[in-house]
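Q: Sending over target_5.csv (CSV, C-alpha atoms and all ligand atoms).
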```csv
chain,number,residue,atom,x,y,z
A,1,MET,CA,128.7,178.7,95.7
A,2,ALA,CA,125.1,179.0,94.4
A,3,VAL,CA,124.1,176.6,91.6
A,4,LYS,CA,123.3,178.4,88.4
A,5,ILE,CA,119.9,177.6,86.9
A,6,PHE,CA,118.5,178.4,83.5
A,7,ILE,CA,114.9,177.7,82.5
A,8,ASP,CA,114.6,177.5,78.7
A,9,GLY,CA,110.9,178.3,78.1
A,10,GLN,CA,110.5,180.4,81.3
A,11,ALA,CA,107.5,182.3,80.0
A,12,GLY,CA,105.4,179.1,79.5
A,13,THR,CA,103.1,177.3,82.0
A,14,THR,CA,105.7,174.8,83.2
A,15,GLY,CA,108.6,177.2,83.1
A,16,LEU,CA,106.7,179.8,85.2
A,17,ARG,CA,105.8,177.1,87.8
A,18,ILE,CA,109.4,176.0,88.1
A,19,HIS,CA,110.6,179.6,88.5
A,20,GLU,CA,108.0,180.1,91.3
A,21,ARG,CA,109.2,177.0,93.1
A,22,LEU,CA,112.9,178.1,92.9
A,23,ALA,CA,112.7,181.9,93.2
A,24,ASP,CA,113.1,182.0,97.0
A,25,ARG,CA,116.0,179.5,97.3
A,26,ASN,CA,119.3,181.0,98.3
A,27,ASP,CA,121.3,178.0,97.2
A,28,LEU,CA,120.4,178.8,93.6
A,29,THR,CA,120.8,181.8,91.2
A,30,MET,CA,118.6,182.2,88.2
A,31,ILE,CA,119.9,183.0,84.7
A,32,THR,CA,117.2,184.8,82.7
A,33,LEU,CA,116.9,186.1,79.2
A,34,THR,CA,115.0,189.2,78.1
A,35,GLU,CA,111.7,189.0,76.3
A,36,GLU,CA,113.6,189.9,73.1
A,37,THR,CA,116.2,187.2,73.4
A,38,ARG,CA,114.3,184.3,75.0
A,39,LYS,CA,113.8,182.5,71.7
A,40,ASP,CA,117.2,183.4,70.2
A,41,PRO,CA,119.2,180.2,69.8
A,42,GLU,CA,122.6,182.0,70.4
A,43,ALA,CA,121.3,183.6,73.6
A,44,ARG,CA,119.8,180.3,74.7
A,45,ARG,CA,123.1,178.5,74.0
A,46,ALA,CA,125.1,180.9,76.1
A,47,ALA,CA,122.6,180.6,79.0
A,48,ILE,CA,122.7,176.8,78.8
A,49,LEU,CA,126.5,176.7,78.8
A,50,GLU,CA,126.7,179.2,81.7
A,51,SER,CA,124.3,177.1,83.8
A,52,ASP,CA,124.9,174.1,86.1
A,53,VAL,CA,121.3,173.0,85.6
A,54,THR,CA,119.0,173.8,82.6
A,55,PHE,CA,115.3,173.0,82.6
A,56,LEU,CA,113.7,172.6,79.2
A,57,CYS,CA,110.0,173.7,79.3
A,58,LEU,CA,109.5,173.8,75.6
A,59,PRO,CA,107.7,172.1,72.7
A,60,ASP,CA,109.4,168.9,71.7
A,61,ASP,CA,111.3,170.3,68.7
A,62,ALA,CA,112.6,173.2,70.6
A,63,ALA,CA,113.7,170.8,73.4
A,64,ARG,CA,115.6,168.7,70.9
A,65,GLU,CA,117.2,171.9,69.6
A,66,ALA,CA,118.2,173.0,73.1
A,67,VAL,CA,119.9,169.6,73.7
A,68,ALA,CA,121.8,170.1,70.4
A,69,LEU,CA,122.8,173.6,71.5
A,70,ALA,CA,124.3,172.1,74.7
A,71,GLY,CA,126.4,169.7,72.7
A,72,ASP,CA,128.6,167.7,75.1
A,73,ALA,CA,128.8,170.4,77.7
A,74,ASP,CA,128.9,169.3,81.3
A,75,VAL,CA,125.5,170.9,82.1
A,76,ARG,CA,122.7,168.9,83.7
A,77,ILE,CA,119.6,169.0,81.6
A,78,ILE,CA,116.1,168.3,82.9
A,79,ASP,CA,113.6,168.1,80.0
A,80,ALA,CA,109.8,168.5,80.7
A,81,SER,CA,108.9,167.7,77.1
A,82,THR,CA,108.0,164.4,75.5
A,83,ALA,CA,111.2,164.4,73.4
A,84,HIS,CA,113.5,162.1,75.4
A,85,ARG,CA,111.2,160.1,77.7
A,86,THR,CA,111.8,156.7,76.0
A,87,ASN,CA,115.5,157.4,75.1
A,88,PRO,CA,117.6,154.9,77.0
A,89,ASP,CA,120.4,157.4,77.3
A,90,TRP,CA,118.2,159.6,79.5
A,91,ALA,CA,117.0,158.9,83.0
A,92,TYR,CA,113.2,158.7,83.5
A,93,GLY,CA,112.4,161.2,86.2
A,94,PHE,CA,110.2,159.2,88.4
A,95,PRO,CA,112.4,158.3,91.4
A,96,GLU,CA,109.7,156.4,93.3
A,97,LEU,CA,109.3,153.8,90.6
A,98,SER,CA,112.4,151.8,91.9
A,99,PRO,CA,115.8,152.3,93.5
A,100,GLU,CA,117.3,151.9,90.0
A,101,HIS,CA,115.3,154.8,88.7
A,102,ARG,CA,116.4,157.0,91.7
A,103,GLU,CA,120.1,156.0,91.2
A,104,LYS,CA,120.0,156.7,87.4
A,105,ILE,CA,118.5,160.2,88.1
A,106,ARG,CA,121.1,160.8,90.8
A,107,HIS,CA,124.0,160.0,88.4
A,108,SER,CA,122.6,161.3,85.1
A,109,LYS,CA,123.3,164.6,83.3
A,110,ARG,CA,120.1,164.1,81.3
A,111,VAL,CA,116.7,163.5,82.9
A,112,ALA,CA,113.4,163.4,81.1
A,113,VAL,CA,110.4,164.4,83.4
A,114,PRO,CA,107.5,162.0,82.9
A,115,GLY,CA,104.3,163.1,81.1
A,116,CYS,CA,101.5,164.0,83.6
A,117,TYR,CA,99.2,161.2,82.5
A,118,ALA,CA,102.1,158.8,82.2
A,119,SER,CA,103.1,159.6,85.8
A,120,GLY,CA,99.7,158.5,87.1
A,121,PHE,CA,99.7,155.5,84.8
A,122,ALA,CA,103.2,154.3,85.7
A,123,SER,CA,102.6,154.8,89.4
A,124,LEU,CA,99.9,152.1,89.1
A,125,VAL,CA,101.0,149.7,86.3
A,126,TYR,CA,104.8,149.6,86.9
A,127,PRO,CA,104.5,148.0,90.4
A,128,MET,CA,101.6,145.8,89.2
A,129,VAL,CA,103.8,144.4,86.4
A,130,HIS,CA,107.1,144.2,88.3
A,131,SER,CA,105.5,142.5,91.3
A,132,GLY,CA,104.1,139.9,88.9
A,133,LEU,CA,100.4,140.7,89.9
A,134,LEU,CA,99.6,141.8,86.4
A,135,PRO,CA,100.7,139.8,83.4
A,136,LYS,CA,103.0,141.8,81.0
A,137,ASP,CA,100.7,140.9,78.2
A,138,TYR,CA,97.5,142.0,79.9
A,139,PRO,CA,95.5,144.4,77.6
A,140,VAL,CA,95.6,147.4,79.8
A,141,GLN,CA,93.0,150.2,79.5
A,142,CYS,CA,93.3,153.6,81.0
A,143,PHE,CA,91.0,156.6,81.3
A,144,ALA,CA,91.9,159.9,82.9
A,145,MET,CA,90.7,163.5,83.5
A,146,SER,CA,93.0,166.5,83.5
A,147,GLY,CA,92.6,170.2,84.2
A,148,TYR,CA,93.1,172.5,81.1
A,149,SER,CA,96.5,173.8,82.2
A,150,GLY,CA,97.8,170.5,80.8
A,151,GLY,CA,97.3,172.0,77.3
A,152,GLY,CA,99.8,174.8,78.0
A,153,LYS,CA,99.4,178.5,77.1
A,154,LYS,CA,97.3,177.9,74.0
A,155,MET,CA,94.6,175.9,75.8
A,156,ILE,CA,94.6,178.1,78.8
A,157,ALA,CA,93.9,181.2,76.6
A,158,GLU,CA,91.2,179.3,74.7
A,159,ILE,CA,89.4,178.2,77.9
A,160,GLU,CA,89.8,181.5,79.7
A,161,SER,CA,88.7,183.6,76.8
A,162,PRO,CA,85.6,185.6,77.8
A,163,ASP,CA,83.8,184.6,74.6
A,164,ARG,CA,84.7,180.9,74.5
A,165,ALA,CA,82.6,178.5,72.6
A,166,PRO,CA,79.8,176.7,74.5
A,167,GLU,CA,81.4,173.3,74.1
A,168,LEU,CA,84.4,174.5,76.1
A,169,TYR,CA,82.2,174.6,79.2
A,170,SER,CA,82.0,170.8,79.1
A,171,PRO,CA,84.5,168.0,79.7
A,172,ARG,CA,86.0,166.9,76.3
A,173,PHE,CA,87.3,163.4,75.3
A,174,TYR,CA,90.3,163.4,73.0
A,175,GLY,CA,93.1,161.1,71.8
A,176,LEU,CA,90.2,159.0,70.5
A,177,ALA,CA,92.4,157.3,67.9
A,178,ASN,CA,94.5,155.9,70.7
A,179,ASN,CA,97.5,157.9,69.7
A,180,HIS,CA,98.1,160.2,72.7
A,181,LYS,CA,101.8,161.3,72.9
A,182,HIS,CA,102.3,159.7,76.3
A,183,LEU,CA,101.4,156.1,75.1
A,184,PRO,CA,105.0,155.2,74.1
A,185,GLU,CA,106.3,156.0,77.6
A,186,MET,CA,103.2,154.5,79.3
A,187,GLN,CA,103.9,151.1,77.6
A,188,LYS,CA,107.7,151.1,77.8
A,189,ILE,CA,108.3,152.4,81.3
A,190,SER,CA,105.6,150.1,82.8
A,191,GLY,CA,107.0,147.0,81.0
A,192,LEU,CA,103.9,146.2,79.0
A,193,GLU,CA,104.1,144.0,75.9
A,194,LYS,CA,101.0,145.6,74.4
A,195,LYS,CA,100.1,149.2,73.7
A,196,PRO,CA,97.5,150.2,76.3
A,197,MET,CA,94.2,151.8,75.3
A,198,PHE,CA,94.1,155.3,76.7
A,199,THR,CA,91.2,157.8,76.8
A,200,PRO,CA,92.0,161.2,78.2
A,201,ILE,CA,89.4,163.8,79.1
A,202,VAL,CA,90.1,167.5,79.6
A,203,ASP,CA,87.7,169.5,81.8
A,204,ASP,CA,86.9,173.1,82.7
A,205,TYR,CA,89.1,173.5,85.8
A,206,TYR,CA,92.7,174.7,85.9
A,207,ASN,CA,95.0,172.0,87.4
A,208,GLY,CA,94.8,168.5,88.9
A,209,MET,CA,94.1,165.0,87.5
A,210,VAL,CA,93.0,161.5,88.2
A,211,VAL,CA,94.3,158.6,86.1
A,212,CYS,CA,92.4,155.2,86.3
A,213,VAL,CA,93.2,151.7,85.3
A,214,PRO,CA,90.5,149.1,85.5
A,215,ILE,CA,91.5,145.4,85.7
A,216,GLN,CA,89.1,142.6,84.8
A,217,ALA,CA,90.9,139.8,86.8
A,218,ALA,CA,88.2,137.1,86.9
A,219,ILE,CA,87.2,137.1,83.2
A,220,SER,CA,90.9,137.3,82.2
A,221,GLY,CA,91.6,134.0,84.1
A,222,PHE,CA,93.6,135.2,87.1
A,223,SER,CA,92.8,136.2,90.6
A,224,LEU,CA,93.6,139.5,92.2
A,225,GLU,CA,92.1,140.5,95.5
A,226,PRO,CA,92.1,144.2,96.3
A,227,GLU,CA,93.7,143.5,99.6
A,228,ARG,CA,96.8,141.9,97.9
A,229,VAL,CA,97.0,144.8,95.4
A,230,GLN,CA,96.8,147.5,98.1
A,231,GLU,CA,99.4,145.7,100.3
A,232,MET,CA,101.8,145.4,97.4
A,233,LEU,CA,101.4,149.1,96.4
A,234,GLU,CA,101.8,150.2,100.1
A,235,ARG,CA,105.0,148.2,100.3
A,236,HIS,CA,106.3,149.5,97.0
A,237,TYR,CA,105.8,153.2,98.1
A,238,ALA,CA,106.7,152.7,101.8
A,239,GLY,CA,108.6,155.7,103.2
A,240,SER,CA,107.9,157.8,100.1
A,241,ASN,CA,107.8,161.6,100.6
A,242,PHE,CA,105.3,162.2,97.9
A,243,VAL,CA,103.5,159.0,96.8
A,244,HIS,CA,100.9,157.8,99.3
A,245,VAL,CA,98.9,154.6,99.0
A,246,GLN,CA,95.5,155.0,100.7
A,247,PRO,CA,94.0,152.3,103.0
A,248,LEU,CA,91.5,150.0,101.4
A,249,LYS,CA,88.0,151.2,102.0
A,250,THR,CA,85.0,149.0,103.0
A,251,PRO,CA,82.5,148.2,100.2
A,252,ALA,CA,80.1,150.8,101.6
A,253,GLU,CA,82.9,153.5,101.7
A,254,MET,CA,83.9,152.7,98.1
A,255,THR,CA,80.3,153.1,97.0
A,256,ALA,CA,80.1,156.5,98.7
A,257,THR,CA,83.5,157.8,97.4
A,258,LYS,CA,83.8,160.6,95.0
A,259,LEU,CA,87.3,161.4,93.8
A,260,SER,CA,87.7,165.1,92.9
A,261,CYS,CA,90.5,165.7,90.4
A,262,ASN,CA,91.9,168.8,91.9
A,263,ASP,CA,92.5,167.9,95.5
A,264,LEU,CA,96.3,167.8,95.2
A,265,ARG,CA,96.5,171.1,93.2
A,266,ASP,CA,99.7,173.1,93.7
A,267,THR,CA,101.5,170.2,95.4
A,268,ASN,CA,104.0,167.5,94.4
A,269,GLN,CA,101.9,164.8,96.0
A,270,MET,CA,100.4,161.7,94.5
A,271,GLU,CA,97.7,159.5,96.0
A,272,ILE,CA,96.9,156.0,95.0
A,273,PHE,CA,93.6,154.3,95.6
A,274,VAL,CA,92.4,150.7,95.1
A,275,PHE,CA,88.7,150.0,94.6
A,276,GLY,CA,86.7,146.9,93.7
A,277,ASP,CA,86.5,143.2,94.5
A,278,ALA,CA,88.1,139.9,93.5
A,279,GLU,CA,86.3,140.1,90.1
A,280,GLN,CA,87.1,143.7,89.0
A,281,ILE,CA,89.6,146.1,90.4
A,282,LEU,CA,89.9,149.8,89.7
A,283,LEU,CA,93.3,151.5,90.4
A,284,CYS,CA,93.4,155.3,90.6
A,285,SER,CA,96.2,157.8,90.9
A,286,ARG,CA,95.6,161.4,91.8
A,287,LEU,CA,98.2,164.2,91.2
A,288,ASP,CA,98.6,167.7,90.0
A,289,ASN,CA,99.4,167.8,86.3
A,290,LEU,CA,101.5,170.9,87.0
A,291,GLY,CA,103.0,169.4,90.2
A,292,LYS,CA,104.1,165.8,90.3
A,293,GLY,CA,103.1,165.7,86.6
A,294,ALA,CA,105.5,168.5,85.6
A,295,SER,CA,107.3,171.3,87.6
A,296,GLY,CA,107.2,169.5,91.0
A,297,ALA,CA,108.7,166.4,89.5
A,298,ALA,CA,111.3,168.5,87.7
A,299,VAL,CA,112.4,170.2,90.9
A,300,GLN,CA,112.4,166.9,92.8
A,301,CYS,CA,114.8,165.5,90.1
A,302,MET,CA,117.0,168.5,90.4
A,303,ASN,CA,117.3,168.1,94.2
A,304,ILE,CA,118.2,164.5,93.7
A,305,MET,CA,120.8,165.3,91.0
A,306,LEU,CA,122.4,167.9,93.3
A,307,GLY,CA,122.6,165.5,96.2
A,308,LEU,CA,120.0,167.5,98.2
A,309,ASP,CA,117.0,166.4,100.2
A,310,GLU,CA,114.4,165.7,97.5
A,311,THR,CA,111.7,167.7,99.3
A,312,VAL,CA,113.5,171.1,99.3
A,313,GLY,CA,111.0,173.7,98.1
A,314,LEU,CA,108.2,171.2,97.5
A,315,LEU,CA,104.9,170.8,99.2
B,401,LIG,N1,101.3,171.9,81.1
B,401,LIG,C1,101.5,170.7,81.6
B,401,LIG,O1,100.7,170.2,82.4
B,401,LIG,C2,102.7,169.9,81.2
B,401,LIG,C3,103.5,170.3,80.2
B,401,LIG,N2,104.6,169.5,79.9
B,401,LIG,C4,105.6,169.8,78.8
B,401,LIG,O2,106.4,170.8,79.1
B,401,LIG,C5,106.7,171.6,77.9
B,401,LIG,C6,106.2,173.0,78.1
B,401,LIG,O3,104.8,172.9,78.3
B,401,LIG,P1,103.9,174.1,78.7
B,401,LIG,O4,104.7,174.9,79.7
B,401,LIG,O5,102.6,173.6,79.1
B,401,LIG,O6,103.8,174.9,77.3
B,401,LIG,P2,103.5,176.4,77.1
B,401,LIG,O7,103.0,176.5,75.7
B,401,LIG,O8,102.7,177.0,78.2
B,401,LIG,O9,105.0,177.1,77.1
B,401,LIG,C7,106.0,176.8,76.2
B,401,LIG,C8,107.0,178.0,76.2
B,401,LIG,O10,108.1,177.7,75.3
B,401,LIG,C9,108.3,178.9,74.5
B,401,LIG,N3,108.9,178.5,73.3
B,401,LIG,C10,108.4,177.9,72.2
B,401,LIG,N4,109.4,177.7,71.2
B,401,LIG,C11,110.5,178.2,71.8
B,401,LIG,C12,111.9,178.3,71.3
B,401,LIG,N5,112.2,177.8,70.1
B,401,LIG,N6,112.8,178.8,72.1
B,401,LIG,C13,112.5,179.3,73.3
B,401,LIG,N7,111.2,179.2,73.8
B,401,LIG,C14,110.3,178.7,73.1
B,401,LIG,C15,106.9,179.5,74.3
B,401,LIG,O11,107.0,180.8,73.9
B,401,LIG,P3,105.7,181.7,73.8
B,401,LIG,O12,105.4,182.2,75.2
B,401,LIG,O13,106.2,182.8,72.9
B,401,LIG,O14,104.6,180.9,73.2
B,401,LIG,C16,106.3,179.3,75.7
B,401,LIG,O15,106.6,180.3,76.6
B,401,LIG,C17,106.0,170.9,76.8
B,401,LIG,O16,106.9,170.0,76.1
B,401,LIG,C18,104.9,170.2,77.5
B,401,LIG,O17,104.5,169.1,76.7
B,401,LIG,C19,104.9,168.5,80.7
B,401,LIG,C20,104.2,168.1,81.7
B,401,LIG,C21,102.9,168.8,82.0
B,402,LIG,C1,95.0,168.5,79.0
B,402,LIG,C2,96.1,168.3,78.0
B,402,LIG,O1,96.0,168.7,76.9
B,402,LIG,N1,97.2,167.7,78.4
B,402,LIG,C3,98.3,167.4,77.6
B,402,LIG,C4,99.3,166.6,78.3
B,402,LIG,C5,100.1,167.5,79.2
B,402,LIG,C6,101.4,166.8,79.6
B,402,LIG,O2,101.8,166.4,80.7
B,402,LIG,O3,102.0,166.4,78.5
B,402,LIG,P1,103.6,166.4,78.4
B,402,LIG,O4,104.1,166.1,79.7
B,402,LIG,O5,103.8,165.4,77.4
B,402,LIG,O6,103.9,167.7,77.9
B,402,LIG,C7,98.0,166.5,76.4
B,402,LIG,O7,97.1,165.7,76.5
B,402,LIG,O8,98.7,166.7,75.4
```
For this file, produce the structure as structure tokens.
A:
Amino acid sequence: MAVKIFIDGQAGTTGLRIHERLADRNDLTMITLTEETRKDPEARRAAILESDVTFLCLPDDAAREAVALAGDADVRIIDASTAHRTNPDWAYGFPELSPEHREKIRHSKRVAVPGCYASGFASLVYPMVHSGLLPKDYPVQCFAMSGYSGGGKKMIAEIESPDRAPELYSPRFYGLANNHKHLPEMQKISGLEKKPMFTPIVDDYYNGMVVCVPIQAAISGFSLEPERVQEMLERHYAGSNFVHVQPLKTPAEMTATKLSCNDLRDTNQMEIFVFGDAEQILLCSRLDNLGKGASGAAVQCMNIMLGLDETVGLL
């Protein structure tokens, strides 16, 4: 019998992408609400209770409300918002981080999809800390660039407006008070003792991102050759369907490299790069904020929860 799916927030950026990824699957049937009822709590409750799997593609408060509407019903909930990502009762939806993460997703009824920046960050820092290559108390910094679809419908409308302000044609720094909403999960999931410093930038292209973590090994008093880091990361993600650690480049190739942020657009792929030398290393993770950073990861988690091949319906 087909699995019944409800997407709460189906008209939003993430909801539409999940719908696109699932629409052609004949092992699933979609429960949809009309434009008039899609924000009505009673209609949403009925749809959640009728479903086998509900995706929440909502602002945080509405996601919390949806979980309350579900009560203790047996439905599986996959939440794309920030609301439950550091809640220990929820599985963190990044199966490649460790076999324990994958098992918790497989057996959980409640899964929080990682934030897009947090996905890139954890893909680098979790293995570095858990392998012992990076001390837990290292003062981690992170900078990243995202396409504007990361800001949801409101930012998309602002950037795509025919009479947008001149400053919207340029990349923009934000989160400058080091209070970005992904920081709690970046620290907790990666196992860091100190809050990282995180500087995101949003630019004038639709989707895709690169998240970078520089490591000053020599001046911090430990040694960290790029070869050792690349080998550890390659081992950590060996056999992964979606996370691919790139071979180490020669110094000349590193100098010549330009990483574009949108290469993995519309896929659920993630690429990891190691640059630098024994003094200073730069780790970079490239992904699609709407793919492995949101709807792709959500569908991958659903496949795992349903005991299916995790790659079904995903590029
Ligand atoms: N865009 C991205 O790259 C990513 C987004 N996320 C997260 O996913 C969630 C959704 O984000 P995104 O799709 O970008 O946001 P959007 O603003 O594009 O979509 C949110 C949708 O939720 C609807 N909505 C708002 N309140 C309610 C309510 N009370 N009941 C039912 N529907 C409601 C909105 O309705 P209306 O259309 O009327 O405004 C809108 O359609 C957010 O928590 C976001 O942080 C996660 C990872 C990446
Ligand atoms: C460009 C942009 O504005 N990006 C969003 C993050 C998008 C995202 O992944 O955030 P959630 O998963 O937490 O919803 C932001 O920085 O708030």
Q: Show me as a list in words the residues that reach within 6 Å of (92.3, 164.5, 87.0), counting all atoms listed in the file and using the file's own coordinates.
A: Met145, Ser146, Gly208, Met209, Val210 and Cys261 of chain A
Q: Mind listing the residues within 9 Å of ligand LIG 402 (chain B), all atoms listed in the file counted, as a PyMOL selection string?
A: chain A and resi 57-60+80-83+113-119+145-152+155+174-175+180-182+200-203+289-290+293-294
Q: Using all atoms listed in the file, pick whichever of A:Leu124, A:Val299, A:Ala238, A:Val274 has the shortest atom-to-atom distance to Met254 in chain A.
A: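 Among the listed residues, the smallest separation from Met254 in chain A belongs to A:Val274.
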Q: Pick out the closest residue to ligand LIG 401 (chain B) from this set: A:Gly191, A:Pro184, A:Gly15, A:Gly296. Count only C-alpha atoms and all ligand atoms.
A: A:Gly15
Q: Given only C-alpha atoms and all ligand atoms as the basis, pick out the residue of A:Leu134, A:Leu22, A:Ala47, A:Ile5 nearest to ligand LIG 401 (chain B).
A: A:Ala47
Q: For each of A:Ile156, A:Ile219, A:Met186, A:Ala122, take the minimum atom-to-atom distance to ligand LIG 401 (chain B), counting all atoms listed in the file, then give the residue where this is smallest.
A: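 Of all the options, A:Ile156 lies closest to ligand LIG 401 (chain B).
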Q: Between A:Leu282, A:Ala112, A:Phe275, A:Ala70, which residue has the minimum interatomic distance to Cys142 in chain A, considering all atoms listed in the file?
A: A:Leu282
Q: Of the candidates A:Met1, A:Val211, A:Val67, A:Ala217, which one gets nearest to Glu271 in chain A if we count all atoms listed in the file?
A: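 Of A:Met1, A:Val211, A:Val67, A:Ala217, the one nearest Glu271 in chain A, counting all atoms listed in the file, is A:Val211.
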Q: To one decimal in Å, tell me the separation between CA of Leu69 in chain A and CA of Phe55 in chain A.
A: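 Atom-to-atom, CA of Leu69 in chain A to CA of Phe55 in chain A, that is 13.4 Å.
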Q: For a test of reading the model, state the distance in Å between CA of Thr34 in chain A and CA of Cys301 in chain A, rounded to one decimal.
A: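 Straight-line distance from CA of Thr34 in chain A to CA of Cys301 in chain A works out to 26.6 Å.
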Q: Please report the interatomic distance between CA of Leu314 in chain A and CA of Glu96 in chain A in Å with one decimal.
A: 15.5 Å
Q: Take the point (95.9, 146.1, 95.9) as written in the file and pick out every residue within 9 Å of it, counting all atoms listed in the file; give the list as a list in words.
A: Met128, Leu224, Glu225, Pro226, Glu227, Arg228, Val229, Gln230, Glu231, Met232, Leu233, Glu234, Leu248, Phe273, Val274, Phe275, Ile281 and Leu283 of chain A
Q: Kindly output range 253-265 of chain A as a compact mmCIF listing (two decimals), keeping the file's coordinate frame, after building N, CA and C atoms.
A:
```
# COMPACT_ATOMS: atom_id res chain seq x y z
N GLU A 253 82.08 152.23 101.91
CA GLU A 253 82.90 153.50 101.70
C GLU A 253 83.22 153.66 100.25
N MET A 254 83.57 152.55 99.58
CA MET A 254 83.90 152.70 98.10
C MET A 254 82.69 153.20 97.38
N THR A 255 81.51 152.67 97.69
CA THR A 255 80.30 153.10 97.00
C THR A 255 80.08 154.61 97.20
N ALA A 256 80.41 155.08 98.39
CA ALA A 256 80.10 156.50 98.70
C ALA A 256 81.23 157.44 98.22
N THR A 257 82.35 156.89 97.76
CA THR A 257 83.50 157.80 97.40
C THR A 257 83.30 158.54 96.14
N LYS A 258 83.66 159.81 96.19
CA LYS A 258 83.80 160.60 95.00
C LYS A 258 85.15 161.20 94.95
N LEU A 259 85.91 160.93 93.89
CA LEU A 259 87.30 161.40 93.80
C LEU A 259 87.30 162.72 93.02
N SER A 260 87.60 163.84 93.66
CA SER A 260 87.70 165.10 92.90
C SER A 260 89.12 165.11 92.28
N CYS A 261 89.22 165.72 91.11
CA CYS A 261 90.50 165.70 90.40
C CYS A 261 91.48 166.74 90.83
N ASN A 262 91.00 167.74 91.59
CA ASN A 262 91.90 168.80 91.90
C ASN A 262 92.34 168.93 93.36
N ASP A 263 92.14 167.84 94.11
CA ASP A 263 92.50 167.90 95.50
C ASP A 263 93.96 168.13 95.81
N LEU A 264 94.84 167.68 94.92
CA LEU A 264 96.30 167.80 95.20
C LEU A 264 96.88 168.99 94.39
N ARG A 265 96.04 169.92 93.96
CA ARG A 265 96.50 171.10 93.20
C ARG A 265 97.61 171.82 93.92
```
